[in-house]
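Student: Next up, target.cif (mmCIF, C-alpha atoms (C1' of nucleotides) and all ligand atoms).
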data_data
#
loop_
_atom_site.label_atom_id
_atom_site.label_comp_id
_atom_site.auth_asym_id
_atom_site.auth_seq_id
_atom_site.Cartn_x
_atom_site.Cartn_y
_atom_site.Cartn_z
CA MET A 1 17.69 -87.01 -65.57
CA SER A 2 18.10 -87.96 -69.22
CA ASN A 3 14.52 -87.06 -69.96
CA HIS A 4 15.65 -85.83 -73.33
CA THR A 5 15.12 -87.36 -76.71
CA HIS A 6 17.83 -87.16 -79.24
CA SER A 7 18.52 -88.35 -82.74
CA ALA A 8 19.72 -91.89 -83.20
CA PHE A 9 22.65 -90.39 -85.01
CA CYS A 10 23.89 -89.05 -81.71
CA CYS A 11 24.66 -92.56 -80.60
CA PRO A 12 26.45 -94.60 -83.24
CA ASP A 13 27.15 -97.14 -80.53
CA HIS A 14 23.57 -97.95 -79.76
CA SER A 15 21.95 -97.08 -83.04
CA GLY A 16 19.36 -99.38 -84.47
CA ALA A 17 17.96 -102.63 -83.24
CA GLN A 18 20.98 -104.34 -84.67
CA GLY A 19 23.51 -102.39 -82.64
CA ALA A 20 21.49 -102.88 -79.49
CA ALA A 21 20.98 -106.56 -80.13
CA SER A 22 24.65 -106.98 -80.79
CA ILE A 23 25.64 -105.32 -77.54
CA LEU A 24 23.16 -107.40 -75.62
CA ALA A 25 24.38 -110.58 -77.28
CA GLN A 26 27.98 -109.76 -76.45
CA ALA A 27 27.00 -109.09 -72.87
CA GLU A 28 25.06 -112.32 -72.49
CA MET A 29 27.90 -114.26 -74.03
CA ARG A 30 30.35 -112.71 -71.65
CA ALA A 31 28.16 -113.41 -68.64
CA ARG A 32 27.92 -117.04 -69.68
CA THR A 33 31.61 -117.59 -70.30
CA MET A 34 32.59 -115.82 -67.09
CA GLY A 35 29.99 -117.53 -64.95
CA LEU A 36 28.28 -114.26 -64.03
CA ARG A 37 24.63 -114.37 -63.11
CA LEU A 38 22.78 -111.97 -65.35
CA THR A 39 19.55 -112.25 -63.40
CA PRO A 40 16.21 -110.85 -64.58
CA VAL A 41 16.54 -107.51 -62.79
CA ARG A 42 20.09 -107.10 -64.02
CA LEU A 43 19.19 -108.09 -67.53
CA ARG A 44 16.22 -105.76 -67.69
CA THR A 45 18.35 -102.96 -66.31
CA LEU A 46 20.98 -103.58 -68.94
CA GLU A 47 18.36 -103.71 -71.68
CA MET A 48 16.99 -100.40 -70.47
CA LEU A 49 20.40 -98.80 -70.54
CA ILE A 50 21.04 -100.08 -74.03
CA ALA A 51 17.68 -98.85 -75.26
CA ALA A 52 18.05 -95.52 -73.54
CA HIS A 53 20.69 -93.89 -75.68
CA GLY A 54 22.62 -91.58 -73.47
CA ALA A 55 22.72 -92.17 -69.75
CA MET A 56 20.01 -92.97 -67.25
CA GLY A 57 19.84 -91.89 -63.65
CA ALA A 58 19.31 -94.59 -61.04
CA TYR A 59 15.85 -93.28 -60.28
CA ASP A 60 14.87 -93.41 -63.95
CA VAL A 61 15.89 -97.05 -63.96
CA LEU A 62 14.05 -97.66 -60.71
CA GLU A 63 10.87 -96.17 -62.07
CA GLN A 64 10.87 -98.54 -65.01
CA LEU A 65 11.84 -101.57 -62.99
CA SER A 66 9.14 -100.79 -60.52
CA ALA A 67 6.58 -100.42 -63.32
CA GLU A 68 7.56 -103.86 -64.53
CA GLY A 69 6.91 -105.50 -61.21
CA TYR A 70 10.38 -105.51 -59.71
CA GLY A 71 11.23 -103.80 -56.45
CA THR A 72 10.17 -100.25 -55.88
CA GLN A 73 12.98 -98.98 -53.70
CA PRO A 74 16.30 -97.33 -54.61
CA PRO A 75 18.57 -100.20 -53.55
CA VAL A 76 16.98 -102.38 -56.22
CA ALA A 77 18.19 -100.05 -58.95
CA TYR A 78 21.51 -99.25 -57.35
CA ARG A 79 22.35 -102.88 -56.81
CA ALA A 80 21.65 -103.82 -60.38
CA LEU A 81 23.51 -100.80 -61.73
CA ASN A 82 26.52 -101.26 -59.49
CA TRP A 83 26.72 -104.91 -60.40
CA LEU A 84 26.62 -104.10 -64.09
CA VAL A 85 29.37 -101.52 -63.63
CA GLU A 86 31.54 -103.82 -61.51
CA HIS A 87 31.36 -106.53 -64.11
CA GLY A 88 31.93 -104.32 -67.12
CA PHE A 89 28.45 -104.29 -68.60
CA ALA A 90 27.86 -100.63 -67.89
CA HIS A 91 29.71 -97.49 -66.96
CA ARG A 92 29.00 -94.82 -64.45
CA ILE A 93 29.01 -91.26 -65.76
CA ARG A 94 29.91 -89.20 -62.76
CA ARG A 95 29.30 -85.83 -64.31
CA LEU A 96 25.68 -86.77 -64.92
CA ASN A 97 25.14 -88.94 -61.84
CA ALA A 98 24.03 -91.53 -64.32
CA PHE A 99 24.81 -94.83 -65.95
CA THR A 100 25.24 -96.00 -69.52
CA ALA A 101 25.50 -99.39 -71.16
CA CYS A 102 28.98 -100.39 -72.18
CA ALA A 103 29.25 -100.35 -75.94
CA HIS A 104 31.85 -103.10 -76.06
CA PRO A 105 31.12 -105.52 -73.26
CA ALA A 106 33.01 -108.30 -75.02
CA GLN A 107 36.42 -106.85 -74.39
CA ASP A 108 38.31 -105.34 -71.53
CA HIS A 109 38.90 -101.73 -72.35
CA ALA A 110 39.71 -98.34 -70.98
CA ALA A 111 36.97 -95.95 -71.98
CA ALA A 112 36.54 -92.22 -72.16
CA PHE A 113 33.13 -90.61 -72.36
CA LEU A 114 32.20 -87.73 -74.61
CA ILE A 115 29.30 -85.88 -73.09
CA CYS A 116 27.41 -83.35 -75.18
CA ASP A 117 26.50 -80.27 -73.17
CA ARG A 118 23.60 -79.54 -75.46
CA CYS A 119 21.79 -82.87 -75.89
CA ASP A 120 23.37 -84.85 -73.02
CA SER A 121 24.28 -87.69 -75.34
CA VAL A 122 27.10 -89.88 -74.08
CA THR A 123 29.49 -91.59 -76.44
CA GLU A 124 32.00 -94.17 -75.33
CA ALA A 125 35.37 -93.63 -76.97
CA PRO A 126 38.41 -95.85 -76.88
CA ALA A 127 40.84 -94.42 -74.37
CA GLY A 128 43.94 -96.54 -74.73
CA ALA A 129 46.19 -93.62 -75.61
CA VAL A 130 44.61 -91.40 -72.99
CA THR A 131 45.10 -94.00 -70.31
CA ALA A 132 48.68 -94.51 -71.39
CA ALA A 133 49.37 -90.81 -71.02
CA LEU A 134 47.62 -90.77 -67.66
CA THR A 135 49.67 -93.74 -66.49
CA GLU A 136 52.80 -91.81 -67.43
CA ALA A 137 51.67 -88.81 -65.43
CA ALA A 138 50.81 -91.02 -62.49
CA ILE A 139 54.19 -92.75 -62.54
CA ALA A 140 55.89 -89.37 -62.60
CA ALA A 141 54.01 -88.55 -59.42
CA GLY A 142 54.85 -91.86 -57.76
CA PHE A 143 51.25 -92.95 -57.96
CA ALA A 144 50.19 -96.50 -58.72
CA LEU A 145 47.21 -96.14 -61.00
CA ASP A 146 44.44 -98.66 -60.70
CA ARG A 147 41.61 -97.24 -62.76
CA ALA A 148 40.44 -93.89 -64.04
CA THR A 149 37.44 -91.80 -64.88
CA ILE A 150 37.79 -89.81 -68.07
CA GLU A 151 34.89 -87.63 -69.09
CA ALA A 152 34.99 -84.98 -71.78
CA VAL A 153 32.39 -82.27 -72.11
CA GLY A 154 31.71 -80.49 -75.38
CA ARG A 155 29.56 -80.67 -78.49
CA CYS A 156 28.63 -83.86 -80.23
CA ASN A 157 28.78 -84.06 -83.98
CA THR A 158 25.06 -83.53 -84.33
CA CYS A 159 24.87 -80.52 -82.07
CA ALA A 160 28.02 -78.82 -83.28
CA GLY A 161 27.28 -75.49 -84.91
CA HIS A 162 24.02 -74.96 -83.08
CA PRO A 163 23.69 -71.90 -80.88
CA SER A 164 23.27 -71.88 -77.09
CA MET B 1 33.90 -86.61 -46.03
CA SER B 2 37.64 -86.17 -45.73
CA ASN B 3 37.50 -86.78 -42.02
CA HIS B 4 40.85 -88.48 -42.31
CA THR B 5 44.21 -87.19 -41.33
CA HIS B 6 47.16 -88.01 -43.43
CA SER B 7 50.82 -87.31 -43.54
CA ALA B 8 51.99 -84.08 -45.03
CA PHE B 9 54.10 -86.16 -47.37
CA CYS B 10 50.94 -87.32 -49.06
CA CYS B 11 50.48 -83.85 -50.50
CA PRO B 12 53.61 -82.38 -51.96
CA ASP B 13 51.45 -79.66 -53.45
CA HIS B 14 50.18 -78.33 -50.18
CA SER B 15 52.95 -79.38 -47.87
CA GLY B 16 54.19 -76.95 -45.31
CA ALA B 17 53.20 -73.44 -44.52
CA GLN B 18 55.41 -72.28 -47.32
CA GLY B 19 53.62 -74.29 -50.02
CA ALA B 20 50.25 -73.18 -48.72
CA ALA B 21 51.28 -69.56 -48.47
CA SER B 22 52.64 -69.69 -51.97
CA ILE B 23 49.43 -71.08 -53.40
CA LEU B 24 47.41 -68.49 -51.57
CA ALA B 25 49.68 -65.71 -52.77
CA GLN B 26 49.40 -66.87 -56.35
CA ALA B 27 45.65 -66.97 -56.03
CA GLU B 28 45.39 -63.50 -54.54
CA MET B 29 47.67 -62.14 -57.22
CA ARG B 30 45.59 -63.68 -59.92
CA ALA B 31 42.36 -62.37 -58.43
CA ARG B 32 43.85 -58.88 -58.36
CA THR B 33 45.17 -58.89 -61.89
CA MET B 34 41.98 -60.35 -63.28
CA GLY B 35 39.68 -58.10 -61.33
CA LEU B 36 38.04 -60.99 -59.51
CA ARG B 37 36.51 -60.31 -56.13
CA LEU B 38 38.01 -62.72 -53.65
CA THR B 39 35.58 -61.79 -50.89
CA PRO B 40 35.93 -62.90 -47.26
CA VAL B 41 33.75 -66.00 -47.61
CA ARG B 42 35.52 -67.00 -50.77
CA LEU B 43 38.92 -66.34 -49.32
CA ARG B 44 38.21 -68.28 -46.18
CA THR B 45 36.86 -71.14 -48.23
CA LEU B 46 39.97 -71.17 -50.35
CA GLU B 47 42.19 -71.03 -47.28
CA MET B 48 40.30 -73.96 -45.84
CA LEU B 49 40.75 -75.99 -48.98
CA ILE B 50 44.44 -75.23 -49.06
CA ALA B 51 44.84 -76.16 -45.41
CA ALA B 52 42.76 -79.28 -45.74
CA HIS B 53 45.10 -81.50 -47.73
CA GLY B 54 42.97 -83.77 -49.79
CA ALA B 55 39.47 -82.73 -50.70
CA MET B 56 36.64 -81.29 -48.64
CA GLY B 57 32.97 -81.90 -49.07
CA ALA B 58 30.71 -78.88 -49.34
CA TYR B 59 29.18 -79.61 -45.97
CA ASP B 60 32.58 -79.81 -44.33
CA VAL B 61 33.30 -76.37 -45.68
CA LEU B 62 29.90 -75.16 -44.58
CA GLU B 63 30.45 -76.38 -41.06
CA GLN B 64 33.65 -74.40 -40.73
CA LEU B 65 32.28 -71.29 -42.37
CA SER B 66 29.28 -71.45 -40.14
CA ALA B 67 31.50 -71.82 -37.06
CA GLU B 68 33.34 -68.70 -38.12
CA GLY B 69 30.21 -66.62 -38.30
CA TYR B 70 29.39 -66.89 -41.98
CA GLY B 71 26.13 -68.27 -43.28
CA THR B 72 24.86 -71.56 -41.99
CA GLN B 73 23.06 -72.88 -45.04
CA PRO B 74 24.30 -75.03 -47.91
CA PRO B 75 24.09 -72.37 -50.62
CA VAL B 76 26.71 -70.36 -48.79
CA ALA B 77 29.27 -73.10 -49.21
CA TYR B 78 28.18 -74.14 -52.67
CA ARG B 79 28.31 -70.59 -53.96
CA ALA B 80 31.80 -70.00 -52.68
CA LEU B 81 33.02 -73.36 -53.93
CA ASN B 82 31.45 -73.03 -57.35
CA TRP B 83 32.86 -69.56 -57.74
CA LEU B 84 36.33 -70.80 -56.85
CA VAL B 85 36.01 -73.62 -59.35
CA GLU B 86 34.66 -71.38 -62.11
CA HIS B 87 37.53 -69.00 -61.71
CA GLY B 88 40.24 -71.60 -61.47
CA PHE B 89 41.06 -71.37 -57.77
CA ALA B 90 39.75 -74.80 -56.96
CA HIS B 91 38.76 -78.03 -58.63
CA ARG B 92 35.82 -80.29 -58.15
CA ILE B 93 36.59 -83.94 -57.53
CA ARG B 94 33.56 -85.76 -58.79
CA ARG B 95 34.51 -89.16 -57.51
CA LEU B 96 34.54 -87.83 -53.97
CA ASN B 97 31.76 -85.27 -54.28
CA ALA B 98 34.33 -82.87 -52.99
CA PHE B 99 36.53 -79.90 -53.77
CA THR B 100 40.23 -79.24 -53.60
CA ALA B 101 42.35 -76.11 -53.90
CA CYS B 102 44.11 -75.68 -57.18
CA ALA B 103 47.81 -76.21 -56.70
CA HIS B 104 48.79 -73.86 -59.51
CA PRO B 105 46.26 -71.05 -59.61
CA ALA B 106 48.70 -68.78 -61.39
CA GLN B 107 48.50 -70.55 -64.69
CA ASP B 108 45.82 -71.96 -66.94
CA HIS B 109 46.25 -75.68 -66.97
CA ALA B 110 44.59 -78.97 -67.67
CA ALA B 111 44.74 -81.07 -64.55
CA ALA B 112 44.34 -84.71 -63.69
CA PHE B 113 43.70 -85.88 -60.16
CA LEU B 114 45.33 -88.82 -58.49
CA ILE B 115 43.07 -90.11 -55.76
CA CYS B 116 44.43 -92.59 -53.24
CA ASP B 117 41.89 -95.26 -52.42
CA ARG B 118 43.51 -95.87 -49.05
CA CYS B 119 44.02 -92.40 -47.58
CA ASP B 120 41.80 -90.34 -49.88
CA SER B 121 44.59 -87.92 -50.62
CA VAL B 122 44.17 -85.99 -53.86
CA THR B 123 47.14 -84.87 -55.91
CA GLU B 124 46.86 -82.55 -58.85
CA ALA B 125 49.02 -83.71 -61.74
CA PRO B 126 49.79 -81.89 -64.97
CA ALA B 127 47.59 -83.35 -67.69
CA GLY B 128 48.81 -81.74 -70.87
CA ALA B 129 49.68 -84.99 -72.56
CA VAL B 130 46.54 -86.68 -71.29
CA THR B 131 44.37 -83.89 -72.59
CA ALA B 132 46.15 -83.99 -75.92
CA ALA B 133 45.40 -87.69 -76.26
CA LEU B 134 41.82 -87.12 -75.22
CA THR B 135 41.46 -84.35 -77.78
CA GLU B 136 42.68 -86.77 -80.43
CA ALA B 137 40.13 -89.35 -79.40
CA ALA B 138 37.40 -86.73 -79.39
CA ILE B 139 38.30 -85.50 -82.86
CA ALA B 140 38.23 -89.06 -84.14
CA ALA B 141 34.66 -89.27 -82.85
CA GLY B 142 33.64 -85.94 -84.37
CA PHE B 143 33.32 -84.41 -80.92
CA ALA B 144 34.32 -80.85 -80.12
CA LEU B 145 35.95 -81.05 -76.74
CA ASP B 146 35.48 -78.16 -74.38
CA ARG B 147 36.80 -79.41 -71.05
CA ALA B 148 37.38 -82.69 -69.29
CA THR B 149 37.36 -84.45 -65.98
CA ILE B 150 40.28 -86.80 -65.46
CA GLU B 151 40.44 -88.67 -62.19
CA ALA B 152 42.71 -91.59 -61.47
CA VAL B 153 42.20 -93.96 -58.58
CA GLY B 154 45.03 -95.98 -57.07
CA ARG B 155 47.69 -95.89 -54.39
CA CYS B 156 49.65 -92.82 -53.48
CA ASN B 157 53.35 -93.05 -52.91
CA THR B 158 52.93 -93.12 -49.16
CA CYS B 159 50.29 -95.82 -49.09
CA ALA B 160 51.81 -98.05 -51.76
CA GLY B 161 52.80 -101.42 -50.37
CA HIS B 162 50.36 -101.31 -47.48
CA PRO B 163 47.77 -104.05 -47.20
CA SER B 164 43.98 -103.61 -47.46
"C1'" DC C 1 19.24 -39.36 -53.94
"C1'" DC C 2 18.12 -43.50 -56.26
"C1'" DT C 3 18.91 -47.22 -59.29
"C1'" DT C 4 21.60 -51.17 -60.47
"C1'" DG C 5 24.24 -55.17 -59.87
"C1'" DA C 6 26.98 -58.26 -57.12
"C1'" DC C 7 27.07 -60.55 -52.85
"C1'" DT C 8 25.31 -62.77 -48.75
"C1'" DG C 9 21.95 -64.88 -46.20
"C1'" DT C 10 17.59 -67.44 -45.45
"C1'" DT C 11 13.77 -71.17 -46.04
"C1'" DA C 12 12.40 -74.92 -48.33
"C1'" DT C 13 12.86 -78.69 -51.28
"C1'" DG C 14 14.84 -81.80 -54.58
"C1'" DA C 15 18.02 -85.41 -56.02
"C1'" DT C 16 21.27 -88.95 -55.19
"C1'" DA C 17 22.90 -92.89 -52.42
"C1'" DT C 18 23.47 -96.28 -48.67
"C1'" DA C 19 22.72 -98.87 -44.06
"C1'" DA C 20 20.43 -102.52 -42.05
"C1'" DC C 21 17.51 -106.21 -41.95
"C1'" DG C 22 14.30 -110.09 -43.36
"C1'" DT C 23 13.01 -113.46 -46.95
"C1'" DA C 24 13.58 -116.35 -50.92
"C1'" DA C 25 15.92 -118.80 -54.29
"C1'" DG C 26 20.31 -121.35 -55.82
"C1'" DA C 27 24.36 -123.82 -55.08
"C1'" DT C 28 26.99 -127.35 -52.32
"C1'" DA C 29 27.97 -131.00 -49.29
"C1'" DG C 30 26.65 -134.91 -46.72
"C1'" DC D 1 17.14 -135.60 -51.01
"C1'" DT D 2 17.88 -132.60 -47.42
"C1'" DA D 3 20.72 -129.55 -44.52
"C1'" DT D 4 23.50 -125.82 -45.03
"C1'" DC D 5 25.73 -121.98 -47.04
"C1'" DT D 6 25.57 -118.15 -50.12
"C1'" DT D 7 23.76 -114.88 -53.23
"C1'" DA D 8 20.18 -112.08 -54.55
"C1'" DC D 9 15.94 -109.47 -53.75
"C1'" DG D 10 12.93 -106.63 -51.38
"C1'" DT D 11 11.72 -103.54 -47.69
"C1'" DT D 12 12.09 -99.46 -44.25
"C1'" DA D 13 14.56 -95.84 -42.92
"C1'" DT D 14 18.06 -92.51 -43.23
"C1'" DA D 15 22.16 -90.24 -44.91
"C1'" DT D 16 24.33 -87.27 -48.12
"C1'" DC D 17 24.68 -83.98 -51.80
"C1'" DA D 18 22.75 -79.93 -54.30
"C1'" DT D 19 19.67 -76.18 -55.92
"C1'" DA D 20 15.43 -73.03 -56.42
"C1'" DA D 21 13.58 -68.93 -54.91
"C1'" DC D 22 13.49 -64.94 -52.43
"C1'" DA D 23 14.99 -60.99 -49.03
"C1'" DG D 24 18.45 -57.83 -47.10
"C1'" DT D 25 23.02 -55.35 -47.69
"C1'" DC D 26 26.19 -52.51 -49.75
"C1'" DA D 27 29.05 -50.11 -53.11
"C1'" DA D 28 29.36 -47.83 -57.74
"C1'" DG D 29 27.58 -44.64 -60.88
"C1'" DG D 30 24.06 -41.57 -62.84
ZN ZN E 1 32.70 -99.83 -72.24
ZN ZN E 2 24.56 -83.27 -78.84
ZN ZN E 3 44.76 -76.71 -60.77
ZN ZN E 4 47.47 -92.69 -49.75
#
Since I need it in another form, could you write the structure as structure tokens?
Ligand SMILES: [Zn+2]
Ligand SMILES: [Zn+2]
Ligand SMILES: [Zn+2]
Ligand SMILES: [Zn+2]

Tutor:
Amino acid sequence: MSNHTHSAFCCPDHSGAQGAASILAQAEMRARTMGLRLTPVRLRTLEMLIAAHGAMGAYDVLEQLSAEGYGTQPPVAYRALNWLVEHGFAHRIRRLNAFTACAHPAQDHAAAFLICDRCDSVTEAPAGAVTAALTEAAIAAGFALDRATIEAVGRCNTCAGHPS
Amino acid sequence: MSNHTHSAFCCPDHSGAQGAASILAQAEMRARTMGLRLTPVRLRTLEMLIAAHGAMGAYDVLEQLSAEGYGTQPPVAYRALNWLVEHGFAHRIRRLNAFTACAHPAQDHAAAFLICDRCDSVTEAPAGAVTAALTEAAIAAGFALDRATIEAVGRCNTCAGHPS
DNA sequence: CCTTGACTGTTATGATATAACGTAAGATAG
DNA sequence: CTATCTTACGTTATATCATAACAGTCAAGG
């Protein structure tokens, strides 16, 4: 999974050391202010996700963690990843069975994900309006919405116009 | 998966023999007019999904198919299910790793799914407005949207107000 | 007839995810 | 400072979900 390489331009969110550092800084700040324990495994996992561009499968994460001396078994990766997702540092991309760093860990936000079907890049887009519309639809159906998964598939800016 | 039983009121879409028969009729009509081959395995699979209320996992489907004398191996179920999804007779619910019959197979439509986190019921809701908002967000990000997965998690009408 | 393509079935394997349990490190209370 | 409680980490083992690859069937069309 996510064994592709794509242009940095695919991922405005994570582009450049500066973007990555900024995301990481926001995340660490948030962990501190909220009293969340961003332990070494969790931190390394988050760093990996940020560096990855696009999404990483749990077993990709595990492989790296294992190579760095952490645990070698799936629960190690899944625990770190699930914790990051639960606390808003990462998102799960269900279509790809993968995970991606949150691009805006400082703020609470509803996110939609734009998944390129050519290069597998994943972009986090603000989804306030989308969520509002979904809430409407839910209310109309007598459904009390708690949270939602919104994943779009199509062509990213970079891949648009290419064949296949 | 989907080894629960829930009230018929959970599923307005599929409720009663009449709703189910109607969905099936619409589907058969559509298959005929579009020249799609709704073969026995596919038909049985669709009937099962319609009867199931909520979503069925591929292996649930396989078990039933197998019991009815069809193939006994996973590809049998996955092929039927994927075909139904590709041709608009069913939808895949990624959050549940499961499949559900389309409630409106007669028309092309963008759908959102309302998944109850208490009873696992799945309701198909019209998602025109949601998709419009998502398209907006995609355009703003320079992304050419092809299709989307929209899944909401919360409490269905029937389960609302219950504890746990 | 005989090819062609769509469909069904099989075996085998790959990929994703969690249950259950023991140990260690941190926080809290006495 | 220690006993205790809790959280986190690591392991083994297993469950669950999904596909690759190939063989047999059958109907349509030359
Ligand atoms: Zn985010
Ligand atoms: Zn792309
Ligand atoms: Zn539908
Ligand atoms: Zn419910």

Student: Just checking: using all atoms listed in the file, which residue out of D:DA28, D:DC9, D:DA23, D:DC17 ends up closest to chain B?

Tutor: D:DC17

Student: Mind checking which residues fall within 7 Å of segment 38-46 of chain B, counting only C-alpha atoms (C1' of nucleotides), ignoring those fewer than 6 positions away in the same chain, and posting them as a list in words?

Tutor: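 That gives Ala31, Val61, Ala80 and Ala101 of chain B.
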
Student: Can you tell me, as number ranges by chain, which residues sit within 7 Å of (26.1, -57.1, -49.0) in the file's frame, using all atoms listed in the file?

Tutor: C: 7-8; D: 25-26

Student: Can you write out the residues you just picked, keeping C-alpha atoms (C1' of nucleotides), as a compact mmCIF listing (two decimals), keeping the file's coordinate frame?

Tutor:
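Generated file (out_7.txt):
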# COMPACT_ATOMS: atom_id res chain seq x y z
C1' DC C 7 27.07 -60.55 -52.85
C1' DT C 8 25.31 -62.77 -48.75
C1' DT D 25 23.02 -55.35 -47.69
C1' DC D 26 26.19 -52.51 -49.75

Student: I'd like the interatomic distance between atom CA of Pro105 of chain A and atom CA of Thr72 of chain A, to a tenth of an Å.

Tutor: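 Those two atoms sit 27.7 Å apart.
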
Student: Taking only C-alpha atoms (C1' of nucleotides) into account, produce a table as CSV in which each residue of chain B with an atom at most 12 Å from an atom of chain D appears once, together with its shortest atom pair and the distance in Å to one decimal, ordered by chain and rising number.

Tutor:
residue,atom,partner,partner_atom,distance
B:Met1,CA,D:DT16,C1',9.8
B:Gly57,CA,D:DC17,C1',9.0
B:Ala58,CA,D:DC17,C1',8.3
B:Tyr59,CA,D:DC17,C1',8.6
B:Asp60,CA,D:DC17,C1',11.6
B:Gln73,CA,D:DA18,C1',11.6
B:Pro74,CA,D:DA18,C1',8.2
B:Pro75,CA,D:DT19,C1',7.9
B:Val76,CA,D:DT19,C1',11.6
B:Ala77,CA,D:DA18,C1',10.7
B:Tyr78,CA,D:DA18,C1',8.1
B:Arg79,CA,D:DT19,C1',10.5
B:Asn82,CA,D:DA18,C1',11.5
B:Arg94,CA,D:DC17,C1',11.4
B:Leu96,CA,D:DC17,C1',10.8
B:Asn97,CA,D:DC17,C1',7.6
B:Ala98,CA,D:DC17,C1',9.8

Student: List all protein, DNA and RNA residues that have at least one atom no more than 8 Å from any atom of ligand ZN 3 (chain E), counting all atoms listed in the file, and write them as JSON, numbers by chain.

Tutor: {"B": [88, 89, 90, 91, 101, 102, 103, 104, 105, 108, 109, 110, 111, 124]}

Student: What residues in chain C lie within 12 Å of chain B, counting only C-alpha atoms (C1' of nucleotides), written as a VMD selection string?

Tutor: chain C and resid 6 to 12 16 to 17

Student: What residues in chain A lie within 10 Å of chain B, counting only C-alpha atoms, written as a ChimeraX atom specification?

Tutor: /A:12,93-95,97,112-117,123-160

Student: Would you save the residues from that selection as a compact mmCIF listing (two decimals), keeping the file's coordinate frame, using C-alpha atoms?

Tutor:
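In the end it all went to selection-v4.txt:
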# COMPACT_ATOMS: atom_id res chain seq x y z
CA PRO A 12 26.45 -94.60 -83.24
CA ILE A 93 29.01 -91.26 -65.76
CA ARG A 94 29.91 -89.20 -62.76
CA ARG A 95 29.30 -85.83 -64.31
CA ASN A 97 25.14 -88.94 -61.84
CA ALA A 112 36.54 -92.22 -72.16
CA PHE A 113 33.13 -90.61 -72.36
CA LEU A 114 32.20 -87.73 -74.61
CA ILE A 115 29.30 -85.88 -73.09
CA CYS A 116 27.41 -83.35 -75.18
CA ASP A 117 26.50 -80.27 -73.17
CA THR A 123 29.49 -91.59 -76.44
CA GLU A 124 32.00 -94.17 -75.33
CA ALA A 125 35.37 -93.63 -76.97
CA PRO A 126 38.41 -95.85 -76.88
CA ALA A 127 40.84 -94.42 -74.37
CA GLY A 128 43.94 -96.54 -74.73
CA ALA A 129 46.19 -93.62 -75.61
CA VAL A 130 44.61 -91.40 -72.99
CA THR A 131 45.10 -94.00 -70.31
CA ALA A 132 48.68 -94.51 -71.39
CA ALA A 133 49.37 -90.81 -71.02
CA LEU A 134 47.62 -90.77 -67.66
CA THR A 135 49.67 -93.74 -66.49
CA GLU A 136 52.80 -91.81 -67.43
CA ALA A 137 51.67 -88.81 -65.43
CA ALA A 138 50.81 -91.02 -62.49
CA ILE A 139 54.19 -92.75 -62.54
CA ALA A 140 55.89 -89.37 -62.60
CA ALA A 141 54.01 -88.55 -59.42
CA GLY A 142 54.85 -91.86 -57.76
CA PHE A 143 51.25 -92.95 -57.96
CA ALA A 144 50.19 -96.50 -58.72
CA LEU A 145 47.21 -96.14 -61.00
CA ASP A 146 44.44 -98.66 -60.70
CA ARG A 147 41.61 -97.24 -62.76
CA ALA A 148 40.44 -93.89 -64.04
CA THR A 149 37.44 -91.80 -64.88
CA ILE A 150 37.79 -89.81 -68.07
CA GLU A 151 34.89 -87.63 -69.09
CA ALA A 152 34.99 -84.98 -71.78
CA VAL A 153 32.39 -82.27 -72.11
CA GLY A 154 31.71 -80.49 -75.38
CA ARG A 155 29.56 -80.67 -78.49
CA CYS A 156 28.63 -83.86 -80.23
CA ASN A 157 28.78 -84.06 -83.98
CA THR A 158 25.06 -83.53 -84.33
CA CYS A 159 24.87 -80.52 -82.07
CA ALA A 160 28.02 -78.82 -83.28

Student: Just give me the gap between atom CA of Ala67 of chain A and atom CA of Arg92 of chain A in Å, one decimal is fine.

Tutor: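 Atom-to-atom, atom CA of Ala67 of chain A and atom CA of Arg92 of chain A are spaced 23.1 Å apart.
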
Student: First collect every listed atom of segment 21-29 of chain D; then fit an axis-aligned box around them, widen it by 5 Å on each side, and give centre and edge lengths in Å to one decimal, as lines of an AutoDock Vina configuration file.

Tutor:
center_x = 21.4
center_y = -56.8
center_z = -54.0
size_x = 25.9
size_y = 34.3
size_z = 23.8

Student: Between atom CA of Ser66 of chain A and atom CA of Glu47 of chain A, what distance in Å does the model show, to one decimal?

Tutor: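 Calculated distance between atom CA of Ser66 of chain A and atom CA of Glu47 of chain A is 14.8 Å.
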
Student: Could you give me segment 57-62 of chain A completed to N, CA and C atoms, formatted as an mmCIF file, in the coordinates of the input?

Tutor:
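result.cif, freshly written:
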data_model
loop_
_atom_site.group_PDB
_atom_site.id
_atom_site.type_symbol
_atom_site.label_atom_id
_atom_site.label_comp_id
_atom_site.auth_asym_id
_atom_site.auth_seq_id
_atom_site.Cartn_x
_atom_site.Cartn_y
_atom_site.Cartn_z
ATOM 1 N N GLY A 57 19.651 -92.003 -65.078
ATOM 2 C CA GLY A 57 19.840 -91.890 -63.650
ATOM 3 C C GLY A 57 19.274 -93.127 -62.962
ATOM 4 N N ALA A 58 19.753 -93.407 -61.767
ATOM 5 C CA ALA A 58 19.310 -94.590 -61.040
ATOM 6 C C ALA A 58 17.800 -94.553 -60.803
ATOM 7 N N TYR A 59 17.277 -93.372 -60.575
ATOM 8 C CA TYR A 59 15.850 -93.280 -60.280
ATOM 9 C C TYR A 59 14.997 -93.442 -61.539
ATOM 10 N N ASP A 60 15.553 -93.124 -62.692
ATOM 11 C CA ASP A 60 14.870 -93.410 -63.950
ATOM 12 C C ASP A 60 14.750 -94.920 -64.112
ATOM 13 N N VAL A 61 15.864 -95.597 -63.860
ATOM 14 C CA VAL A 61 15.890 -97.050 -63.960
ATOM 15 C C VAL A 61 14.885 -97.635 -62.974
ATOM 16 N N LEU A 62 14.933 -97.137 -61.753
ATOM 17 C CA LEU A 62 14.050 -97.660 -60.710
ATOM 18 C C LEU A 62 12.590 -97.543 -61.120
#
